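Shown next: start.pdb, given as PDB, C-alpha atoms.
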```
ATOM      1  CA  MET A   1      31.676  62.156-110.314
ATOM      2  CA  ASN A   2      34.130  59.279-110.566
ATOM      3  CA  ALA A   3      37.138  59.313-108.268
ATOM      4  CA  CYS A   4      40.580  59.458-109.805
ATOM      5  CA  PRO A   5      42.181  56.005-110.065
ATOM      6  CA  ASP A   6      44.866  55.134-107.549
ATOM      7  CA  PRO A   7      47.977  54.116-109.530
ATOM      8  CA  GLU A   8      49.526  52.352-106.532
ATOM      9  CA  ALA A   9      46.381  50.285-106.012
ATOM     10  CA  SER A  10      46.571  49.262-109.658
ATOM     11  CA  VAL A  11      50.157  48.163-109.182
ATOM     12  CA  ARG A  12      49.264  46.143-106.088
ATOM     13  CA  ARG A  13      46.574  44.289-107.990
ATOM     14  CA  GLN A  14      49.141  42.852-110.386
ATOM     15  CA  PRO A  15      49.857  39.140-109.831
ATOM     16  CA  LEU A  16      52.854  38.419-107.625
ATOM     17  CA  LEU A  17      56.062  37.298-109.288
ATOM     18  CA  LEU A  18      57.047  33.654-108.845
ATOM     19  CA  SER A  19      59.938  33.377-106.387
ATOM     20  CA  ARG A  20      62.066  31.420-108.862
ATOM     21  CA  TYR A  21      61.683  34.242-111.387
ATOM     22  CA  ALA A  22      62.630  36.844-108.759
ATOM     23  CA  GLU A  23      65.746  34.843-107.887
ATOM     24  CA  ALA A  24      66.716  34.335-111.536
ATOM     25  CA  LEU A  25      66.339  38.059-112.305
ATOM     26  CA  PHE A  26      68.423  39.019-109.268
ATOM     27  CA  TRP A  27      71.251  36.692-110.288
ATOM     28  CA  LEU A  28      71.032  37.427-114.004
ATOM     29  CA  ALA A  29      71.702  41.080-113.203
ATOM     30  CA  ARG A  30      74.566  40.212-110.862
ATOM     31  CA  TYR A  31      76.311  37.946-113.352
ATOM     32  CA  MET A  32      76.045  40.452-116.214
ATOM     33  CA  GLU A  33      77.332  43.243-113.985
ATOM     34  CA  ARG A  34      80.183  40.960-112.891
ATOM     35  CA  VAL A  35      81.192  40.287-116.500
ATOM     36  CA  GLU A  36      81.380  43.985-117.344
ATOM     37  CA  ASN A  37      83.253  44.871-114.174
ATOM     38  CA  LEU A  38      85.831  42.125-114.718
ATOM     39  CA  ALA A  39      86.309  43.119-118.357
ATOM     40  CA  ARG A  40      87.011  46.704-117.234
ATOM     41  CA  VAL A  41      89.536  45.565-114.633
ATOM     42  CA  LEU A  42      91.345  43.294-117.102
ATOM     43  CA  ASP A  43      91.448  45.986-119.785
ATOM     44  CA  VAL A  44      92.824  48.672-117.480
ATOM     45  CA  THR A  45      95.334  46.276-115.937
ATOM     46  CA  ASP A  46      96.549  45.187-119.371
ATOM     47  CA  THR A  47      97.037  48.805-120.450
ATOM     48  CA  PHE A  48      99.002  49.841-117.376
ATOM     49  CA  VAL A  49     101.163  46.717-117.197
ATOM     50  CA  ARG A  50     102.082  46.952-120.889
ATOM     51  CA  HIS A  51     103.235  50.512-120.322
ATOM     52  CA  GLY A  52     105.349  49.457-117.347
ATOM     53  CA  VAL A  53     103.319  51.429-114.832
ATOM     54  CA  ASP A  54     101.844  48.772-112.555
ATOM     55  CA  GLN A  55     103.777  45.505-112.602
ATOM     56  CA  SER A  56     101.799  44.134-109.648
ATOM     57  CA  GLY A  57      98.524  44.636-111.525
ATOM     58  CA  TRP A  58      97.858  41.039-112.530
ATOM     59  CA  ARG A  59      98.202  39.804-108.967
ATOM     60  CA  SER A  60      95.778  42.502-107.818
ATOM     61  CA  VAL A  61      93.095  41.185-110.207
ATOM     62  CA  ILE A  62      93.285  37.838-108.410
ATOM     63  CA  GLN A  63      93.156  39.556-105.023
ATOM     64  CA  ILE A  64      90.088  41.626-105.930
ATOM     65  CA  ASN A  65      88.186  38.414-106.632
ATOM     66  CA  ALA A  66      89.665  36.478-103.671
ATOM     67  CA  ASP A  67      90.896  33.763-106.043
ATOM     68  CA  GLU A  68      94.471  33.291-104.836
ATOM     69  CA  GLU A  69      94.083  29.654-103.784
ATOM     70  CA  ARG A  70      92.150  28.575-106.865
ATOM     71  CA  PHE A  71      94.509  30.385-109.243
ATOM     72  CA  SER A  72      97.640  28.953-107.613
ATOM     73  CA  ALA A  73      96.266  25.425-107.939
ATOM     74  CA  LEU A  74      95.617  25.851-111.674
ATOM     75  CA  TYR A  75      98.383  28.162-112.898
ATOM     76  CA  GLY A  76     100.865  29.078-110.193
ATOM     77  CA  ARG A  77     102.558  32.244-111.448
ATOM     78  CA  ALA A  78     100.471  35.336-112.211
ATOM     79  CA  ASN A  79     101.264  37.056-115.493
ATOM     80  CA  ALA A  80      99.370  38.566-118.395
ATOM     81  CA  GLU A  81      98.667  35.276-120.144
ATOM     82  CA  THR A  82      97.761  33.107-117.143
ATOM     83  CA  VAL A  83      95.505  35.689-115.484
ATOM     84  CA  ALA A  84      93.768  36.530-118.759
ATOM     85  CA  ARG A  85      93.110  32.864-119.473
ATOM     86  CA  PHE A  86      91.949  32.259-115.889
ATOM     87  CA  TYR A  87      89.384  35.072-116.037
ATOM     88  CA  LEU A  88      88.346  35.006-119.663
ATOM     89  CA  ALA A  89      87.891  31.345-120.529
ATOM     90  CA  GLU A  90      88.697  29.043-117.585
ATOM     91  CA  ARG A  91      85.787  26.645-117.054
ATOM     92  CA  GLU A  92      87.197  25.558-113.677
ATOM     93  CA  ASN A  93      87.007  29.129-112.359
ATOM     94  CA  PRO A  94      83.462  29.997-111.194
ATOM     95  CA  ASN A  95      84.415  33.691-111.278
ATOM     96  CA  SER A  96      85.583  33.680-114.900
ATOM     97  CA  ILE A  97      83.719  35.604-117.559
ATOM     98  CA  LEU A  98      82.835  32.349-119.291
ATOM     99  CA  SER A  99      81.375  30.878-116.079
ATOM    100  CA  SER A 100      79.472  34.070-115.271
ATOM    101  CA  LEU A 101      77.988  34.215-118.756
ATOM    102  CA  PHE A 102      76.978  30.553-118.552
ATOM    103  CA  ALA A 103      75.197  31.270-115.254
ATOM    104  CA  ALA A 104      73.554  34.393-116.711
ATOM    105  CA  ARG A 105      72.337  32.396-119.712
ATOM    106  CA  GLU A 106      70.893  29.638-117.511
ATOM    107  CA  ASN A 107      69.003  32.216-115.475
ATOM    108  CA  ALA A 108      67.780  33.832-118.696
ATOM    109  CA  ARG A 109      66.604  30.403-119.874
ATOM    110  CA  THR A 110      64.493  30.115-116.709
ATOM    111  CA  LEU A 111      63.077  33.557-117.502
ATOM    112  CA  ARG A 112      62.053  32.869-121.100
ATOM    113  CA  PRO A 113      58.329  33.414-120.330
ATOM    114  CA  LEU A 114      59.148  36.850-118.863
ATOM    115  CA  ILE A 115      61.994  38.430-120.803
ATOM    116  CA  PRO A 116      61.819  39.977-124.285
ATOM    117  CA  ILE A 117      63.068  37.793-127.134
ATOM    118  CA  GLU A 118      65.729  40.415-127.975
ATOM    119  CA  MET A 119      67.175  40.010-124.497
ATOM    120  CA  TRP A 120      67.366  36.226-124.721
ATOM    121  CA  ASN A 121      68.888  36.290-128.208
ATOM    122  CA  GLN A 122      71.607  38.745-127.205
ATOM    123  CA  ILE A 123      72.637  36.773-124.107
ATOM    124  CA  ASN A 124      72.583  33.491-126.022
ATOM    125  CA  VAL A 125      74.744  34.807-128.885
ATOM    126  CA  PHE A 126      77.078  36.541-126.426
ATOM    127  CA  TYR A 127      77.653  33.362-124.411
ATOM    128  CA  ASN A 128      78.234  31.206-127.476
ATOM    129  CA  ARG A 129      80.808  33.673-128.792
ATOM    130  CA  VAL A 130      82.722  33.717-125.492
ATOM    131  CA  ARG A 131      82.523  29.915-125.291
ATOM    132  CA  GLN A 132      84.655  29.854-128.446
ATOM    133  CA  PHE A 133      87.511  31.777-126.814
ATOM    134  CA  SER A 134      90.634  29.637-127.103
ATOM    135  CA  LYS A 135      94.011  29.629-125.409
ATOM    136  CA  GLU A 136      95.354  31.541-128.403
ATOM    137  CA  ASP A 137      92.707  34.248-127.961
ATOM    138  CA  CYS A 138      93.884  34.951-124.415
ATOM    139  CA  VAL A 139      97.419  36.017-125.311
ATOM    140  CA  PRO A 140      98.396  39.505-124.084
ATOM    141  CA  SER A 141      98.222  41.087-127.537
ATOM    142  CA  ARG A 142      94.500  40.228-127.807
ATOM    143  CA  VAL A 143      93.297  40.908-124.273
ATOM    144  CA  SER A 144      92.388  44.553-124.853
ATOM    145  CA  GLY A 145      90.351  43.769-127.958
ATOM    146  CA  LEU A 146      88.470  40.997-126.200
ATOM    147  CA  CYS A 147      87.698  43.271-123.269
ATOM    148  CA  VAL A 148      86.343  45.969-125.578
ATOM    149  CA  TYR A 149      84.027  43.364-127.124
ATOM    150  CA  LEU A 150      82.893  42.145-123.689
ATOM    151  CA  LYS A 151      82.137  45.657-122.448
ATOM    152  CA  GLU A 152      80.213  46.524-125.597
ATOM    153  CA  GLN A 153      78.098  43.390-125.302
ATOM    154  CA  CYS A 154      77.310  44.100-121.643
ATOM    155  CA  GLN A 155      76.306  47.640-122.558
ATOM    156  CA  THR A 156      74.137  46.255-125.364
ATOM    157  CA  HIS A 157      72.435  44.008-122.815
ATOM    158  CA  ALA A 158      71.879  47.010-120.518
ATOM    159  CA  GLY A 159      70.341  48.982-123.381
ATOM    160  CA  ILE A 160      68.052  46.143-124.444
ATOM    161  CA  ILE A 161      66.720  45.480-120.949
ATOM    162  CA  ASP A 162      66.297  49.189-120.241
ATOM    163  CA  GLY A 163      64.315  49.687-123.427
ATOM    164  CA  THR A 164      62.200  46.526-123.446
ATOM    165  CA  PHE A 165      61.703  45.037-119.967
ATOM    166  CA  TYR A 166      58.316  45.569-118.316
ATOM    167  CA  ARG A 167      58.501  47.736-115.167
ATOM    168  CA  ASP A 168      57.024  45.506-112.506
ATOM    169  CA  GLN A 169      58.336  43.496-109.563
ATOM    170  CA  GLY A 170      60.751  41.712-111.870
ATOM    171  CA  TRP A 171      62.395  44.982-112.815
ATOM    172  CA  ALA A 172      62.875  45.813-109.129
ATOM    173  CA  PHE A 173      64.579  42.475-108.433
ATOM    174  CA  TYR A 174      66.819  42.893-111.499
ATOM    175  CA  CYS A 175      67.890  46.381-110.412
ATOM    176  CA  ILE A 176      68.531  45.267-106.832
ATOM    177  CA  GLY A 177      70.807  42.496-108.110
ATOM    178  CA  LYS A 178      72.664  44.904-110.369
ATOM    179  CA  TYR A 179      73.339  47.439-107.630
ATOM    180  CA  VAL A 180      74.277  44.835-105.012
ATOM    181  CA  GLU A 181      76.935  43.495-107.383
ATOM    182  CA  ARG A 182      78.104  46.943-108.461
ATOM    183  CA  GLY A 183      78.454  48.251-104.910
ATOM    184  CA  ASP A 184      80.324  45.152-103.784
ATOM    185  CA  GLN A 185      82.719  45.286-106.748
ATOM    186  CA  THR A 186      83.473  48.983-106.231
ATOM    187  CA  SER A 187      84.308  48.360-102.580
ATOM    188  CA  ARG A 188      86.679  45.546-103.595
ATOM    189  CA  LEU A 189      88.413  47.747-106.158
ATOM    190  CA  VAL A 190      89.046  50.506-103.637
ATOM    191  CA  ASP A 191      90.223  48.057-100.992
ATOM    192  CA  ILE A 192      92.795  46.335-103.194
ATOM    193  CA  LYS A 193      94.181  49.460-104.842
ATOM    194  CA  TYR A 194      94.302  51.481-101.632
ATOM    195  CA  HIS A 195      95.482  48.855 -99.197
ATOM    196  CA  THR A 196      96.844  45.624-100.653
ATOM    197  CA  LEU A 197      99.073  47.291-103.245
ATOM    198  CA  LEU A 198     100.683  49.672-100.788
ATOM    199  CA  PRO A 199     104.320  48.785 -99.947
ATOM    200  CA  SER A 200     103.525  48.426 -96.248
ATOM    201  CA  PRO A 201     100.608  49.022 -93.862
ATOM    202  CA  GLU A 202     102.402  52.103 -92.490
ATOM    203  CA  ASP A 203     101.959  53.791 -95.873
ATOM    204  CA  VAL A 204      98.166  53.761 -95.811
ATOM    205  CA  GLY A 205      97.035  57.317 -96.527
ATOM    206  CA  SER A 206     100.267  58.393 -98.227
ATOM    207  CA  ALA A 207     100.415  59.729-101.777
ATOM    208  CA  LEU A 208     100.890  57.001-104.381
ATOM    209  CA  ASP A 209     101.979  57.429-107.940
ATOM    210  CA  VAL A 210      99.178  59.249-109.763
ATOM    211  CA  SER A 211      98.994  56.557-112.416
ATOM    212  CA  GLN A 212      97.753  54.041-109.831
ATOM    213  CA  TRP A 213      94.782  56.252-109.106
ATOM    214  CA  HIS A 214      94.198  56.761-112.825
ATOM    215  CA  ALA A 215      93.987  52.979-113.134
ATOM    216  CA  LEU A 216      91.556  52.711-110.233
ATOM    217  CA  LEU A 217      89.259  55.398-111.621
ATOM    218  CA  ARG A 218      89.348  53.972-115.131
ATOM    219  CA  ALA A 219      88.561  50.477-113.843
ATOM    220  CA  ALA A 220      85.441  51.961-112.245
ATOM    221  CA  SER A 221      84.663  54.078-115.346
ATOM    222  CA  GLY A 222      85.020  57.163-113.176
ATOM    223  CA  PHE A 223      88.022  59.055-114.530
ATOM    224  CA  GLN A 224      86.131  61.708-116.507
ATOM    225  CA  ALA A 225      83.499  62.111-113.792
ATOM    226  CA  TYR A 226      86.183  62.547-111.141
ATOM    227  CA  ARG A 227      87.983  65.162-113.229
ATOM    228  CA  ARG A 228      84.764  67.152-113.569
ATOM    229  CA  ILE A 229      84.696  67.817-109.830
ATOM    230  CA  ASN A 230      88.470  67.571-109.138
ATOM    231  CA  PRO A 231      90.147  69.026-112.246
ATOM    232  CA  SER A 232      93.422  70.052-110.622
ATOM    233  CA  HIS A 233      94.392  67.429-108.046
ATOM    234  CA  MET A 234      94.254  63.719-107.319
ATOM    235  CA  THR A 235      94.911  62.330-103.854
ATOM    236  CA  PRO A 236      94.240  58.905-102.342
ATOM    237  CA  ALA A 237      91.618  60.378-100.018
ATOM    238  CA  SER A 238      89.762  62.255-102.766
ATOM    239  CA  VAL A 239      89.678  59.217-105.077
ATOM    240  CA  ALA A 240      88.523  56.862-102.320
ATOM    241  CA  GLY A 241      85.917  59.392-101.212
ATOM    242  CA  PHE A 242      84.634  59.781-104.767
ATOM    243  CA  LEU A 243      84.236  56.039-105.331
ATOM    244  CA  LEU A 244      82.695  55.359-101.937
ATOM    245  CA  LEU A 245      80.630  58.426-101.053
ATOM    246  CA  ASN A 246      79.817  60.508-104.148
ATOM    247  CA  ASP A 247      76.058  60.232-104.623
ATOM    248  CA  SER A 248      76.155  61.490-108.231
ATOM    249  CA  PHE A 249      78.577  58.879-109.545
ATOM    250  CA  PRO A 250      76.574  55.810-110.702
ATOM    251  CA  ARG A 251      79.158  53.275-109.506
ATOM    252  CA  SER A 252      79.869  54.707-106.074
ATOM    253  CA  VAL A 253      78.931  52.537-103.107
ATOM    254  CA  THR A 254      76.648  55.256-101.730
ATOM    255  CA  ARG A 255      74.774  55.588-105.027
ATOM    256  CA  CYS A 256      74.315  51.820-105.243
ATOM    257  CA  VAL A 257      72.937  51.683-101.704
ATOM    258  CA  ARG A 258      70.463  54.472-102.494
ATOM    259  CA  GLN A 259      69.249  52.641-105.598
ATOM    260  CA  ILE A 260      68.792  49.381-103.688
ATOM    261  CA  GLU A 261      66.817  51.320-101.089
ATOM    262  CA  ILE A 262      64.506  52.735-103.778
ATOM    263  CA  TYR A 263      63.726  49.353-105.315
ATOM    264  CA  LEU A 264      63.278  47.605-101.978
ATOM    265  CA  GLY A 265      60.849  50.391-101.100
ATOM    266  CA  GLN A 266      58.921  49.707-104.290
ATOM    267  CA  LEU A 267      58.625  46.026-103.413
ATOM    268  CA  SER A 268      57.382  46.917 -99.937
ATOM    269  CA  SER A 269      55.022  49.858-100.555
ATOM    270  CA  GLY A 270      54.167  49.372-104.218
ATOM    271  CA  TYR A 271      53.611  45.618-104.202
ATOM    272  CA  GLY A 272      52.959  44.883-100.539
ATOM    273  CA  LEU A 273      55.818  42.388-100.232
ATOM    274  CA  ARG A 274      56.347  42.377 -96.476
ATOM    275  CA  GLY A 275      59.542  40.356 -96.776
ATOM    276  CA  ALA A 276      61.332  43.488 -97.954
ATOM    277  CA  HIS A 277      61.461  44.840 -94.389
ATOM    278  CA  ALA A 278      64.226  42.468 -93.248
ATOM    279  CA  ALA A 279      66.421  43.478 -96.187
ATOM    280  CA  GLN A 280      65.612  47.161 -95.585
ATOM    281  CA  GLU A 281      66.783  46.869 -91.984
ATOM    282  CA  GLN A 282      70.052  45.321 -93.171
ATOM    283  CA  LEU A 283      70.450  48.117 -95.703
ATOM    284  CA  ASP A 284      69.716  50.871 -93.165
ATOM    285  CA  GLU A 285      72.844  50.017 -91.190
ATOM    286  CA  LEU A 286      75.030  50.206 -94.297
ATOM    287  CA  ARG A 287      73.430  53.455 -95.471
ATOM    288  CA  ALA A 288      73.916  55.086 -92.066
ATOM    289  CA  ALA A 289      77.618  54.137 -91.993
ATOM    290  CA  LEU A 290      78.139  55.688 -95.435
ATOM    291  CA  MET A 291      76.098  58.846 -94.841
ATOM    292  CA  ASP A 292      77.335  59.672 -91.346
ATOM    293  CA  GLN A 293      81.082  59.659 -92.022
ATOM    294  CA  SER A 294      83.463  61.678 -94.141
ATOM    295  CA  ILE A 295      86.244  59.952 -96.044
ATOM    296  CA  GLN A 296      88.753  61.451 -93.569
ATOM    297  CA  GLN A 297      86.923  59.780 -90.668
ATOM    298  CA  ILE A 298      86.831  56.466 -92.514
ATOM    299  CA  LEU A 299      90.559  56.647 -93.282
ATOM    300  CA  SER A 300      91.472  57.559 -89.715
ATOM    301  CA  ARG A 301      89.573  54.531 -88.408
ATOM    302  CA  GLY A 302      90.978  52.172 -91.038
ATOM    303  CA  LEU A 303      89.803  51.956 -94.641
ATOM    304  CA  HIS A 304      90.553  48.252 -95.035
ATOM    305  CA  GLU A 305      88.556  47.364 -91.939
ATOM    306  CA  PHE A 306      85.672  49.560 -93.067
ATOM    307  CA  LEU A 307      85.575  48.003 -96.540
ATOM    308  CA  ASP A 308      85.714  44.503 -95.073
ATOM    309  CA  TRP A 309      82.653  45.454 -93.043
ATOM    310  CA  VAL A 310      80.926  46.913 -96.134
ATOM    311  CA  GLN A 311      81.460  43.671 -98.057
ATOM    312  CA  LEU A 312      80.042  41.661 -95.150
ATOM    313  CA  GLN A 313      77.017  43.975 -95.159
ATOM    314  CA  PHE A 314      76.429  43.284 -98.850
ATOM    315  CA  ILE A 315      76.657  39.536 -98.148
ATOM    316  CA  GLY A 316      74.176  39.959 -95.308
ATOM    317  CA  LEU A 317      71.876  41.984 -97.561
ATOM    318  CA  GLN A 318      72.015  39.293-100.244
ATOM    319  CA  ASP A 319      71.167  36.662 -97.635
ATOM    320  CA  ALA A 320      68.285  38.719 -96.216
ATOM    321  CA  ILE A 321      66.807  39.166 -99.698
ATOM    322  CA  ALA A 322      67.133  35.451-100.420
ATOM    323  CA  GLN A 323      65.613  34.397 -97.107
ATOM    324  CA  SER A 324      62.720  36.808 -97.566
ATOM    325  CA  PHE A 325      61.796  36.111-101.159
ATOM    326  CA  TRP A 326      62.963  32.749-102.455
ATOM    327  CA  ARG A 327      65.261  30.577-100.389
ATOM    328  CA  ARG A 328      63.967  27.330 -98.952
ATOM    329  CA  PRO A 329      65.482  26.437 -95.543
ATOM    330  CA  GLU A 330      67.378  23.392 -96.845
ATOM    331  CA  GLN A 331      69.112  25.568 -99.464
ATOM    332  CA  SER A 332      70.533  28.112 -97.047
ATOM    333  CA  GLN A 333      73.969  26.602 -96.496
ATOM    334  CA  GLN A 334      74.483  25.457-100.081
ATOM    335  CA  GLN A 335      73.625  28.799-101.684
ATOM    336  CA  SER A 336      75.534  30.822 -99.118
ATOM    337  CA  GLN A 337      78.656  28.918-100.091
ATOM    338  CA  SER A 338      78.116  28.867-103.848
ATOM    339  CA  GLY A 339      77.109  32.505-104.260
ATOM    340  CA  GLY A 340      74.324  31.844-106.744
ATOM    341  CA  PRO A 341      71.363  29.713-107.669
TER
END
```
As structure tokens, the full file:
Amino acid sequence: MNACPDPEASVRRQPLLLSRYAEALFWLARYMERVENLARVLDVTDTFVRHGVDQSGWRSVIQINADEERFSALYGRANAETVARFYLAERENPNSILSSLFAARENARTLRPLIPIEMWNQINVFYNRVRQFSKEDCVPSRVSGLCVYLKEQCQTHAGIIDGTFYRDQGWAFYCIGKYVERGDQTSRLVDIKYHTLLPSPEDVGSALDVSQWHALLRAASGFQAYRRINPSHMTPASVAGFLLLNDSFPRSVTRCVRQIEIYLGQLSSGYGLRGAHAAQEQLDELRAALMDQSIQQILSRGLHEFLDWVQLQFIGLQDAIAQSFWRRPEQSQQQSQSGGP
């Protein structure tokens, strides 16, 4: 009688992924996630500023991305038009949507032998459309429409890759990149809205205008989900706790960490990639800090300090993944500073 086949052994017999493909998939996912996140932030900020709710909103977009110095050198004053132009179509801004899409497209070009033709075509058309954005397109009256288009195209990309990409090591690296970027961006959103926009450090933990928290939840696409579990109240602690610790919300930091853990585990146990252990050790420390504390404990010890530490952990995780799977020693300093391949 023949023994039943071992599915894990079959997986391990698959040829290993080239390191340059693993790196390109990781960064392709990060750049596409970055585009969607930035489009959400710009759209929500535009809505609330136009309605006179959050006049400091445009400055907060710059703070979330740590672009104060670069923005001041190019534009000076932050308003709807200058911030929109800086993040939608500024070629000199490496964090702009145009720059991120260019980087995503270049990584996709490297991956042409691996990715479905539908995926390449969509990214290529998407980039070329955004490349045509002009100064006139970035006026306040058009920002919302452009952001809707950007979000829809990112969601189209997500649907295409989910429905067509082969589930092997490449899929694991893509998903790890996506969740590293998503977790980092969520932590930045919470940090800026909860801390930087408060009138003074003494007010940390006080009740802010409810509309601010609406804006934060909408920027993270979490408003409806939050209302499902908190239909009658909205406090700074409950919103921060939801975005950081709720394991059922797909953009929470905790959920992202769990997903990274799953895919790193697949690389280690499913494909025998021993380099995953260093990244897993880095991730274990972050997971323990998130699982072992309540939001009240985090707030009492200092939310800003905790989120600074979380962002450093994500940077360390990114570096551990790179060192384990694709980075050559002479590239270490250059890539650590540039943030991408």
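With only C-alpha atoms as the atoms that count, the residue of A:Ala78, A:Ala39, A:Ala237, A:Leu28 with the shortest distance to A:Arg59 is A:Ala78.
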Local residues around (86.2, 48.7, -91.5), at most 12 Å away, using only C-alpha atoms, as a short mmCIF file (atom, residue, chain, number, x, y, z; two decimals) with C-alpha atoms, in the frame of the given file:
```cif
data_model
loop_
_atom_site.label_atom_id
_atom_site.label_comp_id
_atom_site.auth_asym_id
_atom_site.auth_seq_id
_atom_site.Cartn_x
_atom_site.Cartn_y
_atom_site.Cartn_z
CA SER A 187 84.31 48.36 -102.58
CA ASP A 191 90.22 48.06 -100.99
CA LEU A 286 75.03 50.21 -94.30
CA ALA A 289 77.62 54.14 -91.99
CA LEU A 290 78.14 55.69 -95.44
CA GLN A 297 86.92 59.78 -90.67
CA ILE A 298 86.83 56.47 -92.51
CA LEU A 299 90.56 56.65 -93.28
CA SER A 300 91.47 57.56 -89.72
CA ARG A 301 89.57 54.53 -88.41
CA GLY A 302 90.98 52.17 -91.04
CA LEU A 303 89.80 51.96 -94.64
CA HIS A 304 90.55 48.25 -95.04
CA GLU A 305 88.56 47.36 -91.94
CA PHE A 306 85.67 49.56 -93.07
CA LEU A 307 85.58 48.00 -96.54
CA ASP A 308 85.71 44.50 -95.07
CA TRP A 309 82.65 45.45 -93.04
CA VAL A 310 80.93 46.91 -96.13
CA GLN A 311 81.46 43.67 -98.06
CA LEU A 312 80.04 41.66 -95.15
CA GLN A 313 77.02 43.98 -95.16
#
```
For A:Gly265, list every protein, DNA or RNA residue within 8 Å, evaluated using only C-alpha atoms, and leave out those in the same chain fewer than 4 positions away; present the list as an mmCIF file with C-alpha atoms, in the frame of the given file.
```cif
data_model
loop_
_atom_site.group_PDB
_atom_site.id
_atom_site.type_symbol
_atom_site.label_atom_id
_atom_site.label_comp_id
_atom_site.auth_asym_id
_atom_site.auth_seq_id
_atom_site.Cartn_x
_atom_site.Cartn_y
_atom_site.Cartn_z
ATOM 1 C CA GLU A 261 66.817 51.320 -101.089
ATOM 2 C CA SER A 269 55.022 49.858 -100.555
ATOM 3 C CA GLY A 270 54.167 49.372 -104.218
ATOM 4 C CA ALA A 276 61.332 43.488 -97.954
ATOM 5 C CA GLN A 280 65.612 47.161 -95.585
#
```
- Distance in Å - atom CA of A:Tyr127 versus atom CA of A:Ala103: 9.7 Å
- Query: In Å, with one decimal, what is the gap from atom CA of A:Tyr179 to atom CA of A:Cys256?
  - Reply: 5.1 Å
- Spell out the residues picked by the PyMOL selection byres ((chain A and resi 320-324) around 10) here, as a VMD selection string. chain A and resid 19 22 to 23 26 173 176 to 177 264 273 to 283 314 to 319 325 to 329 331 to 332 335 to 336
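Proximity of A:Met291, A:Ala215, A:Ile62, A:Ala84 to A:Asp247, computed with all atoms listed in the file, is greatest for A:Met291.
Taking all atoms listed in the file into account, A:Val143 lies nearest to A:Ala80 out of the set A:Ala225, A:Ala80, A:Val257, A:Val35.
Nearest-residue note for A:Leu98: choosing from A:Phe133, A:Gln185, A:Pro116, A:Pro236, the minimum distance belongs to A:Phe133, counting only C-alpha atoms.
For the choices A:Glu81, A:Glu69, A:Asp43, A:Glu181, the atom-to-atom distance to A:Tyr149 is smallest for A:Asp43 when using all atoms listed in the file.
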- Interatomic distance (Å, one decimal) between atom CA of A:Ile229 and atom CA of A:Leu243: 12.6 Å
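This file gives the following result for the PyMOL selection byres ((chain A and resi 68) around 12): Trp58, Arg59, Ser60, Val61, Ile62, Gln63, Ile64, Asn65, Ala66, Asp67, Glu69, Arg70, Phe71, Ser72, Ala73, Leu74, Tyr75, Gly76, Arg77, Ala78, Val83, Phe86, Asn93 and Asn95 of chain A.
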N, CA and C atoms are needed for stretch 219-230 of chain A; please write them out as an mmCIF file, in the coordinates of the input.
```
data_model
loop_
_atom_site.group_PDB
_atom_site.id
_atom_site.type_symbol
_atom_site.label_atom_id
_atom_site.label_comp_id
_atom_site.auth_asym_id
_atom_site.auth_seq_id
_atom_site.Cartn_x
_atom_site.Cartn_y
_atom_site.Cartn_z
ATOM 1 N N ALA A 219 89.181 51.788 -114.057
ATOM 2 C CA ALA A 219 88.561 50.477 -113.843
ATOM 3 C C ALA A 219 87.118 50.614 -113.385
ATOM 4 N N ALA A 220 86.810 51.705 -112.698
ATOM 5 C CA ALA A 220 85.441 51.961 -112.245
ATOM 6 C C ALA A 220 84.690 52.887 -113.197
ATOM 7 N N SER A 221 85.273 53.168 -114.361
ATOM 8 C CA SER A 221 84.663 54.078 -115.346
ATOM 9 C C SER A 221 84.364 55.444 -114.741
ATOM 10 N N GLY A 222 85.280 55.907 -113.869
ATOM 11 C CA GLY A 222 85.020 57.163 -113.176
ATOM 12 C C GLY A 222 86.021 58.261 -113.422
ATOM 13 N N PHE A 223 86.951 58.072 -114.362
ATOM 14 C CA PHE A 223 88.022 59.055 -114.530
ATOM 15 C C PHE A 223 87.478 60.414 -114.959
ATOM 16 N N GLN A 224 86.654 60.434 -116.028
ATOM 17 C CA GLN A 224 86.131 61.708 -116.507
ATOM 18 C C GLN A 224 85.225 62.369 -115.475
ATOM 19 N N ALA A 225 84.396 61.549 -114.813
ATOM 20 C CA ALA A 225 83.499 62.111 -113.792
ATOM 21 C C ALA A 225 84.295 62.709 -112.637
ATOM 22 N N TYR A 226 85.352 62.025 -112.225
ATOM 23 C CA TYR A 226 86.183 62.547 -111.141
ATOM 24 C C TYR A 226 86.818 63.867 -111.539
ATOM 25 N N ARG A 227 87.322 63.940 -112.761
ATOM 26 C CA ARG A 227 87.983 65.162 -113.229
ATOM 27 C C ARG A 227 87.012 66.337 -113.338
ATOM 28 N N ARG A 228 85.736 66.061 -113.514
ATOM 29 C CA ARG A 228 84.764 67.152 -113.569
ATOM 30 C C ARG A 228 84.661 67.877 -112.240
ATOM 31 N N ILE A 229 84.818 67.168 -111.141
ATOM 32 C CA ILE A 229 84.696 67.817 -109.830
ATOM 33 C C ILE A 229 86.054 68.044 -109.162
ATOM 34 N N ASN A 230 87.111 67.375 -109.661
ATOM 35 C CA ASN A 230 88.470 67.571 -109.138
ATOM 36 C C ASN A 230 89.435 67.754 -110.313
#
```
